[in-house]
Amino acid sequence: MKSDNIILVSDRIASDLVTRNAADELMDFVKANRSKTVILDFRNVEFASRSFTHEYLIIKKRLGKKLIERNMSSAVNKMFKAVSTQRGSAVPQSTSSSITYLSFSSKSL
């Protein structure tokens, strides 16, 4: 695999991957890469939030390229596994147009 197919995530984005926007930015680098297979090197990435991971996985599924993630820390790997496992319920699809309103009492507890 050529080195131009490797993206070092911590250099391109950050060592803490927190926002959905960060996932979008990372995928912009992937899309700009001409290869059909891109290696994302997570070396030096210390944290990935649930929001980042969820957005990353959604975009990855639609991308049309093969992504290979490598050098994930155990914490980042656990987050990817947790979000992948829960992903079916992580993107709710509304089947009802009703809205529930909550009201709060001014009484002190």
# chains A, B, ... in the order shown; residues from 1 in each chain; ligands from 1
$ residues_around --residues "A:Ser74" --least-positions-apart "4" --cutoff "12 Å" --atoms "only C-alpha atoms" --output "MDAnalysis selection string"
chainID A and resid 42:48 70 78:81
$ residues_around --residues "A:Ile39" --least-positions-apart "5" --cutoff "8 Å" --atoms "only C-alpha atoms" --output "PyMOL selection string"
chain A and resi 5-7+67-70
$ atom_distance --atom1 "atom CA of A:Arg50" --atom2 "atom CA of A:Lys36"
26.5 Å
$ atom_distance --atom1 "atom CA of A:Gly64" --atom2 "atom CA of A:Asp11"
23.9 Å
$ atom_distance --atom1 "atom CA of A:Ser49" --atom2 "atom CA of A:Ala32"
24.2 Å
$ residues_around --residues "A:Asp4" --least-positions-apart "5" --cutoff "10 Å" --atoms "only C-alpha atoms" --output "VMD selection string"
chain A and resid 33 to 35 38 to 39
$ decode --residues "stretch 74-87 of chain A" --atoms "C-alpha atoms" --output "PDB file, in the first residue's frame"
ATOM      1  CA  SER A  74      -7.969   0.524  23.431  1.00  0.00           C
ATOM      2  CA  ALA A  75     -10.201   3.439  24.486  1.00  0.00           C
ATOM      3  CA  VAL A  76     -10.893   4.494  20.885  1.00  0.00           C
ATOM      4  CA  ASN A  77     -11.404   0.883  19.821  1.00  0.00           C
ATOM      5  CA  LYS A  78     -13.927   0.356  22.647  1.00  0.00           C
ATOM      6  CA  MET A  79     -15.884   3.432  21.561  1.00  0.00           C
ATOM      7  CA  PHE A  80     -16.020   2.214  17.957  1.00  0.00           C
ATOM      8  CA  LYS A  81     -17.239  -1.196  19.119  1.00  0.00           C
ATOM      9  CA  ALA A  82     -19.855   0.327  21.441  1.00  0.00           C
ATOM     10  CA  VAL A  83     -21.241   2.654  18.785  1.00  0.00           C
ATOM     11  CA  SER A  84     -21.155  -0.066  16.115  1.00  0.00           C
ATOM     12  CA  THR A  85     -23.126  -2.368  18.399  1.00  0.00           C
ATOM     13  CA  GLN A  86     -25.734   0.274  19.244  1.00  0.00           C
ATOM     14  CA  ARG A  87     -25.842   1.895  15.824  1.00  0.00           C
TER      15      ARG A  87
END
